[in-house]
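So this block is my_file38.cif, mmCIF, N, CA, C and O atoms:
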```cif
data_data
loop_
_atom_site.label_atom_id
_atom_site.label_comp_id
_atom_site.auth_asym_id
_atom_site.auth_seq_id
_atom_site.Cartn_x
_atom_site.Cartn_y
_atom_site.Cartn_z
N MET A 1 6.32 6.53 -11.23
CA MET A 1 6.73 6.12 -9.90
C MET A 1 7.92 6.97 -9.48
O MET A 1 8.81 7.24 -10.26
N ARG A 2 7.93 7.36 -8.23
CA ARG A 2 9.05 8.15 -7.72
C ARG A 2 10.25 7.27 -7.41
O ARG A 2 10.09 6.07 -7.12
N PRO A 3 11.45 7.83 -7.45
CA PRO A 3 12.63 7.02 -7.13
C PRO A 3 12.67 6.65 -5.65
O PRO A 3 12.14 7.36 -4.81
N ARG A 4 13.29 5.54 -5.36
CA ARG A 4 13.42 5.08 -3.98
C ARG A 4 14.41 5.96 -3.23
O ARG A 4 15.55 6.12 -3.66
N PRO A 5 13.99 6.55 -2.09
CA PRO A 5 14.95 7.33 -1.28
C PRO A 5 16.12 6.46 -0.84
O PRO A 5 15.96 5.25 -0.61
N GLY A 6 17.28 7.04 -0.68
CA GLY A 6 18.49 6.31 -0.35
C GLY A 6 18.44 5.52 0.95
O GLY A 6 19.12 4.51 1.09
N ASP A 7 17.61 5.97 1.90
CA ASP A 7 17.54 5.26 3.18
C ASP A 7 16.52 4.14 3.20
O ASP A 7 16.31 3.51 4.21
N ARG A 8 15.88 3.86 2.09
CA ARG A 8 14.87 2.80 2.01
C ARG A 8 15.46 1.59 1.29
O ARG A 8 16.14 1.72 0.29
N VAL A 9 15.20 0.40 1.81
CA VAL A 9 15.77 -0.80 1.18
C VAL A 9 14.80 -1.44 0.19
O VAL A 9 15.21 -2.28 -0.61
N PHE A 10 13.54 -1.06 0.25
CA PHE A 10 12.54 -1.65 -0.64
C PHE A 10 11.44 -0.62 -0.83
O PHE A 10 11.06 0.06 0.11
N MET A 11 10.93 -0.49 -2.05
CA MET A 11 9.83 0.43 -2.29
C MET A 11 9.00 -0.09 -3.45
O MET A 11 9.54 -0.50 -4.47
N ARG A 12 7.68 -0.12 -3.23
CA ARG A 12 6.77 -0.53 -4.29
C ARG A 12 5.45 0.22 -4.11
O ARG A 12 4.93 0.29 -3.01
N GLU A 13 4.91 0.74 -5.19
CA GLU A 13 3.62 1.41 -5.15
C GLU A 13 2.52 0.37 -4.92
O GLU A 13 2.60 -0.76 -5.40
N ALA A 14 1.47 0.75 -4.21
CA ALA A 14 0.37 -0.17 -3.91
C ALA A 14 -0.30 -0.69 -5.18
O ALA A 14 -0.75 -1.83 -5.24
N GLU A 15 -0.37 0.14 -6.21
CA GLU A 15 -1.06 -0.26 -7.44
C GLU A 15 -0.20 -1.08 -8.40
O GLU A 15 -0.64 -1.46 -9.48
N ASP A 16 1.01 -1.40 -7.99
CA ASP A 16 1.90 -2.22 -8.81
C ASP A 16 1.24 -3.56 -9.13
O ASP A 16 0.64 -4.19 -8.26
N SER A 17 1.37 -4.02 -10.35
CA SER A 17 0.70 -5.26 -10.79
C SER A 17 1.22 -6.50 -10.06
O SER A 17 0.57 -7.54 -10.11
N ARG A 18 2.35 -6.42 -9.37
CA ARG A 18 2.86 -7.57 -8.60
C ARG A 18 2.11 -7.76 -7.29
O ARG A 18 2.23 -8.80 -6.65
N ASN A 19 1.33 -6.78 -6.87
CA ASN A 19 0.58 -6.85 -5.62
C ASN A 19 -0.81 -7.42 -5.86
O ASN A 19 -1.37 -7.29 -6.95
N LYS A 20 -1.36 -8.03 -4.84
CA LYS A 20 -2.76 -8.46 -4.86
C LYS A 20 -3.57 -7.40 -4.14
O LYS A 20 -3.13 -6.88 -3.11
N ILE A 21 -4.76 -7.08 -4.68
CA ILE A 21 -5.57 -6.02 -4.06
C ILE A 21 -6.98 -6.49 -3.71
O ILE A 21 -7.82 -5.67 -3.36
N GLY A 22 -7.24 -7.77 -3.76
CA GLY A 22 -8.56 -8.26 -3.40
C GLY A 22 -9.65 -7.57 -4.20
O GLY A 22 -9.53 -7.43 -5.41
N GLU A 23 -10.69 -7.10 -3.52
CA GLU A 23 -11.80 -6.42 -4.17
C GLU A 23 -11.60 -4.91 -4.27
O GLU A 23 -12.51 -4.19 -4.65
N ALA A 24 -10.42 -4.42 -3.88
CA ALA A 24 -10.13 -2.99 -4.03
C ALA A 24 -10.00 -2.67 -5.52
O ALA A 24 -9.95 -3.57 -6.35
N GLY A 25 -9.93 -1.42 -5.85
CA GLY A 25 -9.78 -1.01 -7.24
C GLY A 25 -8.61 -0.07 -7.40
O GLY A 25 -8.05 0.43 -6.43
N ILE A 26 -8.24 0.17 -8.63
CA ILE A 26 -7.17 1.11 -8.96
C ILE A 26 -7.79 2.24 -9.75
O ILE A 26 -8.60 2.01 -10.65
N THR A 27 -7.42 3.46 -9.41
CA THR A 27 -7.95 4.63 -10.09
C THR A 27 -6.83 5.64 -10.30
O THR A 27 -5.81 5.61 -9.62
N ASN A 28 -7.03 6.53 -11.27
CA ASN A 28 -6.04 7.58 -11.52
C ASN A 28 -6.04 8.59 -10.37
O ASN A 28 -7.07 8.83 -9.75
N CYS A 29 -4.87 9.16 -10.13
CA CYS A 29 -4.71 10.14 -9.05
C CYS A 29 -3.56 11.06 -9.41
O CYS A 29 -2.40 10.68 -9.29
N ALA A 30 -3.88 12.25 -9.87
CA ALA A 30 -2.85 13.19 -10.32
C ALA A 30 -1.87 13.54 -9.20
O ALA A 30 -0.68 13.76 -9.45
N ALA A 31 -2.34 13.60 -7.96
CA ALA A 31 -1.48 13.98 -6.85
C ALA A 31 -0.63 12.83 -6.31
O ALA A 31 0.27 13.04 -5.51
N CYS A 32 -0.91 11.60 -6.74
CA CYS A 32 -0.19 10.43 -6.23
C CYS A 32 1.12 10.23 -6.98
O CYS A 32 1.22 10.52 -8.17
N SER A 33 2.11 9.67 -6.30
CA SER A 33 3.45 9.56 -6.86
C SER A 33 3.51 8.73 -8.14
O SER A 33 4.29 9.03 -9.02
N GLY A 34 2.70 7.70 -8.25
CA GLY A 34 2.72 6.88 -9.44
C GLY A 34 1.62 7.23 -10.43
O GLY A 34 1.46 6.55 -11.44
N GLY A 35 0.83 8.26 -10.12
CA GLY A 35 -0.25 8.66 -11.01
C GLY A 35 -1.52 7.84 -10.83
O GLY A 35 -2.52 8.07 -11.51
N GLN A 36 -1.48 6.86 -9.93
CA GLN A 36 -2.63 6.02 -9.63
C GLN A 36 -2.66 5.73 -8.14
O GLN A 36 -1.68 5.97 -7.44
N LYS A 37 -3.78 5.18 -7.68
CA LYS A 37 -3.89 4.75 -6.29
C LYS A 37 -4.84 3.57 -6.19
O LYS A 37 -5.65 3.33 -7.08
N VAL A 38 -4.72 2.82 -5.10
CA VAL A 38 -5.66 1.77 -4.79
C VAL A 38 -6.78 2.42 -3.99
O VAL A 38 -6.54 3.21 -3.09
N ARG A 39 -8.02 2.10 -4.33
CA ARG A 39 -9.15 2.74 -3.67
C ARG A 39 -10.03 1.74 -2.95
O ARG A 39 -9.92 0.54 -3.16
N ASN A 40 -10.88 2.24 -2.08
CA ASN A 40 -11.91 1.46 -1.36
C ASN A 40 -11.35 0.54 -0.29
O ASN A 40 -11.88 -0.54 -0.06
N ILE A 41 -10.28 0.95 0.38
CA ILE A 41 -9.75 0.18 1.50
C ILE A 41 -10.12 0.90 2.78
O ILE A 41 -10.02 2.12 2.87
N GLY A 42 -10.54 0.16 3.77
CA GLY A 42 -10.87 0.75 5.06
C GLY A 42 -12.34 1.11 5.16
O GLY A 42 -13.09 1.08 4.18
N GLY A 43 -12.76 1.43 6.37
CA GLY A 43 -14.16 1.75 6.56
C GLY A 43 -15.03 0.53 6.38
O GLY A 43 -14.67 -0.58 6.71
N GLY A 44 -16.16 0.70 5.82
CA GLY A 44 -17.09 -0.40 5.57
C GLY A 44 -17.96 -0.08 4.38
O GLY A 44 -17.81 0.96 3.75
N PRO A 45 -18.91 -0.97 4.04
CA PRO A 45 -19.75 -0.74 2.86
C PRO A 45 -20.49 0.60 2.89
O PRO A 45 -20.69 1.22 1.86
N ASP A 46 -20.86 1.07 4.08
CA ASP A 46 -21.55 2.36 4.17
C ASP A 46 -20.62 3.53 3.86
O ASP A 46 -21.08 4.64 3.64
N GLN A 47 -19.30 3.28 3.80
CA GLN A 47 -18.34 4.33 3.46
C GLN A 47 -17.75 4.11 2.08
O GLN A 47 -16.72 4.69 1.74
N GLY A 48 -18.37 3.28 1.28
CA GLY A 48 -17.92 3.08 -0.09
C GLY A 48 -16.84 2.03 -0.28
O GLY A 48 -16.28 1.91 -1.36
N SER A 49 -16.52 1.26 0.74
CA SER A 49 -15.51 0.22 0.57
C SER A 49 -16.13 -1.16 0.76
O SER A 49 -17.27 -1.30 1.14
N VAL A 50 -15.36 -2.16 0.46
CA VAL A 50 -15.86 -3.53 0.47
C VAL A 50 -15.03 -4.37 1.45
O VAL A 50 -13.86 -4.07 1.70
N PRO A 51 -15.62 -5.43 2.02
CA PRO A 51 -14.93 -6.21 3.06
C PRO A 51 -13.62 -6.85 2.61
O PRO A 51 -12.71 -6.99 3.41
N ASP A 52 -13.51 -7.28 1.37
CA ASP A 52 -12.32 -8.00 0.92
C ASP A 52 -11.37 -7.10 0.13
O ASP A 52 -10.74 -7.52 -0.81
N ALA A 53 -11.29 -5.82 0.50
CA ALA A 53 -10.41 -4.88 -0.17
C ALA A 53 -9.13 -4.73 0.65
O ALA A 53 -9.17 -4.35 1.80
N TYR A 54 -8.00 -5.05 0.05
CA TYR A 54 -6.71 -5.01 0.74
C TYR A 54 -5.59 -4.85 -0.27
O TYR A 54 -5.82 -4.92 -1.48
N VAL A 55 -4.38 -4.62 0.21
CA VAL A 55 -3.18 -4.66 -0.63
C VAL A 55 -2.23 -5.66 0.01
O VAL A 55 -1.92 -5.56 1.19
N LEU A 56 -1.79 -6.63 -0.77
CA LEU A 56 -0.83 -7.63 -0.31
C LEU A 56 0.44 -7.49 -1.14
O LEU A 56 0.43 -7.69 -2.34
N PHE A 57 1.53 -7.10 -0.47
CA PHE A 57 2.83 -6.97 -1.12
C PHE A 57 3.55 -8.30 -0.98
O PHE A 57 4.07 -8.61 0.09
N GLU A 58 3.59 -9.07 -2.04
CA GLU A 58 4.30 -10.35 -1.99
C GLU A 58 5.74 -10.15 -2.44
O GLU A 58 6.08 -9.18 -3.10
N ASP A 59 6.58 -11.11 -2.10
CA ASP A 59 7.98 -11.13 -2.54
C ASP A 59 8.75 -9.88 -2.14
O ASP A 59 9.51 -9.32 -2.92
N VAL A 60 8.56 -9.43 -0.91
CA VAL A 60 9.34 -8.32 -0.38
C VAL A 60 10.67 -8.89 0.11
O VAL A 60 10.70 -9.84 0.88
N THR A 61 11.76 -8.33 -0.37
CA THR A 61 13.07 -8.82 0.03
C THR A 61 13.88 -7.70 0.66
O THR A 61 13.76 -6.54 0.27
N VAL A 62 14.67 -8.06 1.64
CA VAL A 62 15.55 -7.12 2.32
C VAL A 62 16.93 -7.78 2.42
O VAL A 62 17.05 -8.99 2.35
N PRO A 63 17.97 -6.98 2.58
CA PRO A 63 19.32 -7.53 2.57
C PRO A 63 19.68 -8.38 3.77
O PRO A 63 20.58 -9.22 3.70
N GLU A 64 19.02 -8.16 4.92
CA GLU A 64 19.36 -8.93 6.11
C GLU A 64 18.17 -8.96 7.06
O GLU A 64 17.28 -8.10 7.00
N ALA A 65 18.16 -9.96 7.93
CA ALA A 65 17.10 -10.07 8.94
C ALA A 65 17.39 -9.08 10.06
O ALA A 65 18.42 -9.16 10.73
N ARG A 66 16.52 -8.10 10.23
CA ARG A 66 16.60 -7.12 11.31
C ARG A 66 15.29 -6.34 11.34
O ARG A 66 14.40 -6.60 10.55
N THR A 67 15.17 -5.37 12.21
CA THR A 67 13.98 -4.54 12.29
C THR A 67 14.06 -3.44 11.23
O THR A 67 15.09 -2.79 11.08
N TYR A 68 12.97 -3.24 10.50
CA TYR A 68 12.87 -2.19 9.49
C TYR A 68 11.67 -1.31 9.79
O TYR A 68 10.70 -1.75 10.42
N THR A 69 11.72 -0.07 9.34
CA THR A 69 10.59 0.84 9.47
C THR A 69 9.72 0.74 8.22
O THR A 69 10.25 0.76 7.10
N LEU A 70 8.42 0.64 8.42
CA LEU A 70 7.47 0.57 7.33
C LEU A 70 6.84 1.95 7.14
O LEU A 70 6.25 2.50 8.07
N TYR A 71 6.98 2.52 5.95
CA TYR A 71 6.39 3.83 5.63
C TYR A 71 5.18 3.61 4.74
O TYR A 71 5.27 2.90 3.74
N ILE A 72 4.07 4.22 5.10
CA ILE A 72 2.85 4.11 4.30
C ILE A 72 2.31 5.51 4.06
O ILE A 72 2.07 6.27 5.00
N ASP A 73 2.15 5.87 2.79
CA ASP A 73 1.49 7.13 2.42
C ASP A 73 0.11 6.78 1.92
O ASP A 73 -0.07 5.81 1.17
N PHE A 74 -0.90 7.57 2.29
CA PHE A 74 -2.25 7.29 1.85
C PHE A 74 -3.07 8.56 1.74
O PHE A 74 -2.70 9.60 2.29
N THR A 75 -4.15 8.47 0.99
CA THR A 75 -5.13 9.56 0.91
C THR A 75 -6.41 9.05 1.54
O THR A 75 -6.65 7.84 1.62
N VAL A 76 -7.26 9.96 1.98
CA VAL A 76 -8.53 9.55 2.57
C VAL A 76 -9.59 10.59 2.21
O VAL A 76 -9.31 11.78 2.14
N ASN A 77 -10.77 10.10 1.93
CA ASN A 77 -11.92 10.95 1.64
C ASN A 77 -12.91 10.76 2.78
O ASN A 77 -13.59 9.73 2.84
N GLY A 78 -12.98 11.69 3.71
CA GLY A 78 -13.83 11.52 4.87
C GLY A 78 -13.05 10.91 6.01
O GLY A 78 -11.83 10.82 5.97
N SER A 79 -13.76 10.46 7.03
CA SER A 79 -13.07 9.87 8.18
C SER A 79 -12.99 8.36 8.02
O SER A 79 -13.96 7.70 7.68
N ARG A 80 -11.81 7.83 8.22
CA ARG A 80 -11.57 6.39 8.17
C ARG A 80 -10.58 6.05 9.26
O ARG A 80 -9.76 6.87 9.65
N SER A 81 -10.62 4.82 9.72
CA SER A 81 -9.61 4.36 10.66
C SER A 81 -8.93 3.14 10.08
O SER A 81 -9.56 2.30 9.46
N TYR A 82 -7.63 3.07 10.28
CA TYR A 82 -6.83 1.94 9.82
C TYR A 82 -6.15 1.36 11.04
O TYR A 82 -5.26 1.97 11.60
N ASP A 83 -6.61 0.22 11.47
CA ASP A 83 -6.08 -0.33 12.71
C ASP A 83 -5.32 -1.63 12.54
O ASP A 83 -4.93 -2.23 13.50
N ARG A 84 -5.08 -2.04 11.29
CA ARG A 84 -4.40 -3.30 11.10
C ARG A 84 -3.41 -3.25 9.96
O ARG A 84 -3.77 -2.94 8.84
N VAL A 85 -2.19 -3.57 10.26
CA VAL A 85 -1.16 -3.82 9.26
C VAL A 85 -0.53 -5.13 9.65
O VAL A 85 -0.02 -5.28 10.75
N SER A 86 -0.63 -6.12 8.78
CA SER A 86 -0.11 -7.45 9.09
C SER A 86 1.22 -7.64 8.38
O SER A 86 1.33 -7.41 7.18
N LEU A 87 2.22 -8.06 9.12
CA LEU A 87 3.53 -8.36 8.56
C LEU A 87 3.86 -9.80 8.91
O LEU A 87 3.68 -10.23 10.02
N GLY A 88 4.35 -10.51 7.93
CA GLY A 88 4.69 -11.88 8.25
C GLY A 88 5.28 -12.62 7.11
O GLY A 88 5.40 -12.22 6.04
#
```
Show this structure as structure tokens.
Amino acid sequence: MRPRPGDRVFMREAEDSRNKIGEAGITNCAACSGGQKVRNIGGGPDQGSVPDAYVLFEDVTVPEARTYTLYIDFTVNGSRSYDRVSLG
């Protein structure tokens, strides 16, 4: 796992065991920062993914209530669209 940049208040890899990933899977990825990645998110069954594939980051803590920027790095094989990120 790469170190947290100084301007970030929280950082966790998607494949971290503290996260829930539904029907998604974890696979090795030499180019990925943690050496692994979560796979099969987005698209649909015809694109190799499954309906209940997601990443849920539980227990995210920040020092104070305010607006924060969410950074997401991802890889994609083919064309996919990601139109939903739920925060709450």
Which residues match the PyMOL selection byres (((chain A and resi 33 and name CA) around 10) and name CA) in the file above, as a PDB file with N, CA, C and O atoms, keeping the file's coordinate frame?
```
ATOM      1  N   MET A   1       6.320   6.530 -11.230  1.00  0.00           N
ATOM      2  CA  MET A   1       6.730   6.120  -9.900  1.00  0.00           C
ATOM      3  C   MET A   1       7.920   6.970  -9.480  1.00  0.00           C
ATOM      4  O   MET A   1       8.810   7.240 -10.260  1.00  0.00           O
ATOM      5  N   ARG A   2       7.930   7.360  -8.230  1.00  0.00           N
ATOM      6  CA  ARG A   2       9.050   8.150  -7.720  1.00  0.00           C
ATOM      7  C   ARG A   2      10.250   7.270  -7.410  1.00  0.00           C
ATOM      8  O   ARG A   2      10.090   6.070  -7.120  1.00  0.00           O
ATOM      9  N   PRO A   3      11.450   7.830  -7.450  1.00  0.00           N
ATOM     10  CA  PRO A   3      12.630   7.020  -7.130  1.00  0.00           C
ATOM     11  C   PRO A   3      12.670   6.650  -5.650  1.00  0.00           C
ATOM     12  O   PRO A   3      12.140   7.360  -4.810  1.00  0.00           O
ATOM     13  N   GLU A  13       4.910   0.740  -5.190  1.00  0.00           N
ATOM     14  CA  GLU A  13       3.620   1.410  -5.150  1.00  0.00           C
ATOM     15  C   GLU A  13       2.520   0.370  -4.920  1.00  0.00           C
ATOM     16  O   GLU A  13       2.600  -0.760  -5.400  1.00  0.00           O
ATOM     17  N   CYS A  29      -4.870   9.160 -10.130  1.00  0.00           N
ATOM     18  CA  CYS A  29      -4.710  10.140  -9.050  1.00  0.00           C
ATOM     19  C   CYS A  29      -3.560  11.060  -9.410  1.00  0.00           C
ATOM     20  O   CYS A  29      -2.400  10.680  -9.290  1.00  0.00           O
ATOM     21  N   ALA A  30      -3.880  12.250  -9.870  1.00  0.00           N
ATOM     22  CA  ALA A  30      -2.850  13.190 -10.320  1.00  0.00           C
ATOM     23  C   ALA A  30      -1.870  13.540  -9.200  1.00  0.00           C
ATOM     24  O   ALA A  30      -0.680  13.760  -9.450  1.00  0.00           O
ATOM     25  N   ALA A  31      -2.340  13.600  -7.960  1.00  0.00           N
ATOM     26  CA  ALA A  31      -1.480  13.980  -6.850  1.00  0.00           C
ATOM     27  C   ALA A  31      -0.630  12.830  -6.310  1.00  0.00           C
ATOM     28  O   ALA A  31       0.270  13.040  -5.510  1.00  0.00           O
ATOM     29  N   CYS A  32      -0.910  11.600  -6.740  1.00  0.00           N
ATOM     30  CA  CYS A  32      -0.190  10.430  -6.230  1.00  0.00           C
ATOM     31  C   CYS A  32       1.120  10.230  -6.980  1.00  0.00           C
ATOM     32  O   CYS A  32       1.220  10.520  -8.170  1.00  0.00           O
ATOM     33  N   GLY A  34       2.700   7.700  -8.250  1.00  0.00           N
ATOM     34  CA  GLY A  34       2.720   6.880  -9.440  1.00  0.00           C
ATOM     35  C   GLY A  34       1.620   7.230 -10.430  1.00  0.00           C
ATOM     36  O   GLY A  34       1.460   6.550 -11.440  1.00  0.00           O
ATOM     37  N   GLY A  35       0.830   8.260 -10.120  1.00  0.00           N
ATOM     38  CA  GLY A  35      -0.250   8.660 -11.010  1.00  0.00           C
ATOM     39  C   GLY A  35      -1.520   7.840 -10.830  1.00  0.00           C
ATOM     40  O   GLY A  35      -2.520   8.070 -11.510  1.00  0.00           O
ATOM     41  N   GLN A  36      -1.480   6.860  -9.930  1.00  0.00           N
ATOM     42  CA  GLN A  36      -2.630   6.020  -9.630  1.00  0.00           C
ATOM     43  C   GLN A  36      -2.660   5.730  -8.140  1.00  0.00           C
ATOM     44  O   GLN A  36      -1.680   5.970  -7.440  1.00  0.00           O
ATOM     45  N   LYS A  37      -3.780   5.180  -7.680  1.00  0.00           N
ATOM     46  CA  LYS A  37      -3.890   4.750  -6.290  1.00  0.00           C
ATOM     47  C   LYS A  37      -4.840   3.570  -6.190  1.00  0.00           C
ATOM     48  O   LYS A  37      -5.650   3.330  -7.080  1.00  0.00           O
ATOM     49  N   ASP A  73       2.150   5.870   2.790  1.00  0.00           N
ATOM     50  CA  ASP A  73       1.490   7.130   2.420  1.00  0.00           C
ATOM     51  C   ASP A  73       0.110   6.780   1.920  1.00  0.00           C
ATOM     52  O   ASP A  73      -0.070   5.810   1.170  1.00  0.00           O
TER      53      ASP A  73
END
```
Expected selection from the PyMOL selection byres ((chain A and resi 19-23) around 6), given as a ChimeraX atom specification: /A:14,16-18,24-25,39-40,52-58
Write to file, as an mmCIF file, keeping the file's coordinate frame, the residues of the selection just made, with N, CA, C and O atoms.
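Output (selection-v4.cif):
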```
data_model
loop_
_atom_site.group_PDB
_atom_site.id
_atom_site.type_symbol
_atom_site.label_atom_id
_atom_site.label_comp_id
_atom_site.auth_asym_id
_atom_site.auth_seq_id
_atom_site.Cartn_x
_atom_site.Cartn_y
_atom_site.Cartn_z
ATOM 1 N N ALA A 14 1.470 0.750 -4.210
ATOM 2 C CA ALA A 14 0.370 -0.170 -3.910
ATOM 3 C C ALA A 14 -0.300 -0.690 -5.180
ATOM 4 O O ALA A 14 -0.750 -1.830 -5.240
ATOM 5 N N ASP A 16 1.010 -1.400 -7.990
ATOM 6 C CA ASP A 16 1.900 -2.220 -8.810
ATOM 7 C C ASP A 16 1.240 -3.560 -9.130
ATOM 8 O O ASP A 16 0.640 -4.190 -8.260
ATOM 9 N N SER A 17 1.370 -4.020 -10.350
ATOM 10 C CA SER A 17 0.700 -5.260 -10.790
ATOM 11 C C SER A 17 1.220 -6.500 -10.060
ATOM 12 O O SER A 17 0.570 -7.540 -10.110
ATOM 13 N N ARG A 18 2.350 -6.420 -9.370
ATOM 14 C CA ARG A 18 2.860 -7.570 -8.600
ATOM 15 C C ARG A 18 2.110 -7.760 -7.290
ATOM 16 O O ARG A 18 2.230 -8.800 -6.650
ATOM 17 N N ALA A 24 -10.420 -4.420 -3.880
ATOM 18 C CA ALA A 24 -10.130 -2.990 -4.030
ATOM 19 C C ALA A 24 -10.000 -2.670 -5.520
ATOM 20 O O ALA A 24 -9.950 -3.570 -6.350
ATOM 21 N N GLY A 25 -9.930 -1.420 -5.850
ATOM 22 C CA GLY A 25 -9.780 -1.010 -7.240
ATOM 23 C C GLY A 25 -8.610 -0.070 -7.400
ATOM 24 O O GLY A 25 -8.050 0.430 -6.430
ATOM 25 N N ARG A 39 -8.020 2.100 -4.330
ATOM 26 C CA ARG A 39 -9.150 2.740 -3.670
ATOM 27 C C ARG A 39 -10.030 1.740 -2.950
ATOM 28 O O ARG A 39 -9.920 0.540 -3.160
ATOM 29 N N ASN A 40 -10.880 2.240 -2.080
ATOM 30 C CA ASN A 40 -11.910 1.460 -1.360
ATOM 31 C C ASN A 40 -11.350 0.540 -0.290
ATOM 32 O O ASN A 40 -11.880 -0.540 -0.060
ATOM 33 N N ASP A 52 -13.510 -7.280 1.370
ATOM 34 C CA ASP A 52 -12.320 -8.000 0.920
ATOM 35 C C ASP A 52 -11.370 -7.100 0.130
ATOM 36 O O ASP A 52 -10.740 -7.520 -0.810
ATOM 37 N N ALA A 53 -11.290 -5.820 0.500
ATOM 38 C CA ALA A 53 -10.410 -4.880 -0.170
ATOM 39 C C ALA A 53 -9.130 -4.730 0.650
ATOM 40 O O ALA A 53 -9.170 -4.350 1.800
ATOM 41 N N TYR A 54 -8.000 -5.050 0.050
ATOM 42 C CA TYR A 54 -6.710 -5.010 0.740
ATOM 43 C C TYR A 54 -5.590 -4.850 -0.270
ATOM 44 O O TYR A 54 -5.820 -4.920 -1.480
ATOM 45 N N VAL A 55 -4.380 -4.620 0.210
ATOM 46 C CA VAL A 55 -3.180 -4.660 -0.630
ATOM 47 C C VAL A 55 -2.230 -5.660 0.010
ATOM 48 O O VAL A 55 -1.920 -5.560 1.190
ATOM 49 N N LEU A 56 -1.790 -6.630 -0.770
ATOM 50 C CA LEU A 56 -0.830 -7.630 -0.310
ATOM 51 C C LEU A 56 0.440 -7.490 -1.140
ATOM 52 O O LEU A 56 0.430 -7.690 -2.340
ATOM 53 N N PHE A 57 1.530 -7.100 -0.470
ATOM 54 C CA PHE A 57 2.830 -6.970 -1.120
ATOM 55 C C PHE A 57 3.550 -8.300 -0.980
ATOM 56 O O PHE A 57 4.070 -8.610 0.090
ATOM 57 N N GLU A 58 3.590 -9.070 -2.040
ATOM 58 C CA GLU A 58 4.300 -10.350 -1.990
ATOM 59 C C GLU A 58 5.740 -10.150 -2.440
ATOM 60 O O GLU A 58 6.080 -9.180 -3.100
#
```
Length of the atom N of Gly6 of chain A to atom CA of Val38 of chain A vector [Å]: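 Separating atom N of Gly6 of chain A from atom CA of Val38 of chain A is a distance of 23.9 Å.
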d(atom CA of Pro5 of chain A, atom CA of Pro63 of chain A) in Å: 16.0 Å
Hey, what does DSSP flag as strand (DSSP E) within segment 8-59 of chain A? Can you give it to me as a list in words? Lys20, Ile21, Gly22, Gly25, Ile26, Thr27, Asn28, Gln36, Lys37, Val38, Arg39, Ala53, Tyr54, Val55 and Leu56 of chain A
Atom N of Glu15 of chain A to atom CA of Thr27 of chain A: how many Å, to one decimal? 9.6 Å
Start from the incomplete input, build all heavy atoms for segment 64-68 of chain A, and deliver everything as a PDB file, keeping the file's coordinate frame.
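selection_37.pdb was written with the following content:
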```
ATOM      1  N   GLU A  64      19.020  -8.160   4.920  1.00  0.00           N
ATOM      2  CA  GLU A  64      19.360  -8.930   6.110  1.00  0.00           C
ATOM      3  C   GLU A  64      18.170  -8.960   7.060  1.00  0.00           C
ATOM      4  O   GLU A  64      17.280  -8.100   7.000  1.00  0.00           O
ATOM      5  CB  GLU A  64      20.566  -8.307   6.829  1.00  0.00           C
ATOM      6  CG  GLU A  64      20.307  -6.903   7.338  1.00  0.00           C
ATOM      7  CD  GLU A  64      21.515  -6.286   8.022  1.00  0.00           C
ATOM      8  OE1 GLU A  64      21.854  -6.730   9.130  1.00  0.00           O
ATOM      9  OE2 GLU A  64      22.098  -5.371   7.425  1.00  0.00           O
ATOM     10  N   ALA A  65      18.160  -9.960   7.930  1.00  0.00           N
ATOM     11  CA  ALA A  65      17.100 -10.070   8.940  1.00  0.00           C
ATOM     12  C   ALA A  65      17.390  -9.080  10.060  1.00  0.00           C
ATOM     13  O   ALA A  65      18.420  -9.160  10.730  1.00  0.00           O
ATOM     14  CB  ALA A  65      17.034 -11.487   9.474  1.00  0.00           C
ATOM     15  N   ARG A  66      16.520  -8.100  10.230  1.00  0.00           N
ATOM     16  CA  ARG A  66      16.600  -7.120  11.310  1.00  0.00           C
ATOM     17  C   ARG A  66      15.290  -6.340  11.340  1.00  0.00           C
ATOM     18  O   ARG A  66      14.400  -6.600  10.550  1.00  0.00           O
ATOM     19  CB  ARG A  66      17.799  -6.181  11.154  1.00  0.00           C
ATOM     20  CG  ARG A  66      17.717  -5.264   9.935  1.00  0.00           C
ATOM     21  CD  ARG A  66      18.899  -4.285   9.935  1.00  0.00           C
ATOM     22  NE  ARG A  66      18.893  -3.405   8.799  1.00  0.00           N
ATOM     23  CZ  ARG A  66      18.222  -2.247   8.715  1.00  0.00           C
ATOM     24  NH1 ARG A  66      17.472  -1.839   9.706  1.00  0.00           N
ATOM     25  NH2 ARG A  66      18.316  -1.493   7.647  1.00  0.00           N
ATOM     26  N   THR A  67      15.170  -5.370  12.210  1.00  0.00           N
ATOM     27  CA  THR A  67      13.980  -4.540  12.290  1.00  0.00           C
ATOM     28  C   THR A  67      14.060  -3.440  11.230  1.00  0.00           C
ATOM     29  O   THR A  67      15.090  -2.790  11.080  1.00  0.00           O
ATOM     30  CB  THR A  67      13.852  -3.912  13.683  1.00  0.00           C
ATOM     31  OG1 THR A  67      13.754  -4.966  14.647  1.00  0.00           O
ATOM     32  CG2 THR A  67      12.617  -3.031  13.785  1.00  0.00           C
ATOM     33  N   TYR A  68      12.970  -3.240  10.500  1.00  0.00           N
ATOM     34  CA  TYR A  68      12.870  -2.190   9.490  1.00  0.00           C
ATOM     35  C   TYR A  68      11.670  -1.310   9.790  1.00  0.00           C
ATOM     36  O   TYR A  68      10.700  -1.750  10.420  1.00  0.00           O
ATOM     37  CB  TYR A  68      12.694  -2.798   8.087  1.00  0.00           C
ATOM     38  CG  TYR A  68      13.916  -3.522   7.594  1.00  0.00           C
ATOM     39  CD1 TYR A  68      14.105  -4.871   7.861  1.00  0.00           C
ATOM     40  CD2 TYR A  68      14.891  -2.858   6.858  1.00  0.00           C
ATOM     41  CE1 TYR A  68      15.232  -5.544   7.412  1.00  0.00           C
ATOM     42  CE2 TYR A  68      16.019  -3.525   6.404  1.00  0.00           C
ATOM     43  CZ  TYR A  68      16.184  -4.862   6.685  1.00  0.00           C
ATOM     44  OH  TYR A  68      17.302  -5.508   6.242  1.00  0.00           O
TER      45      TYR A  68
END
```
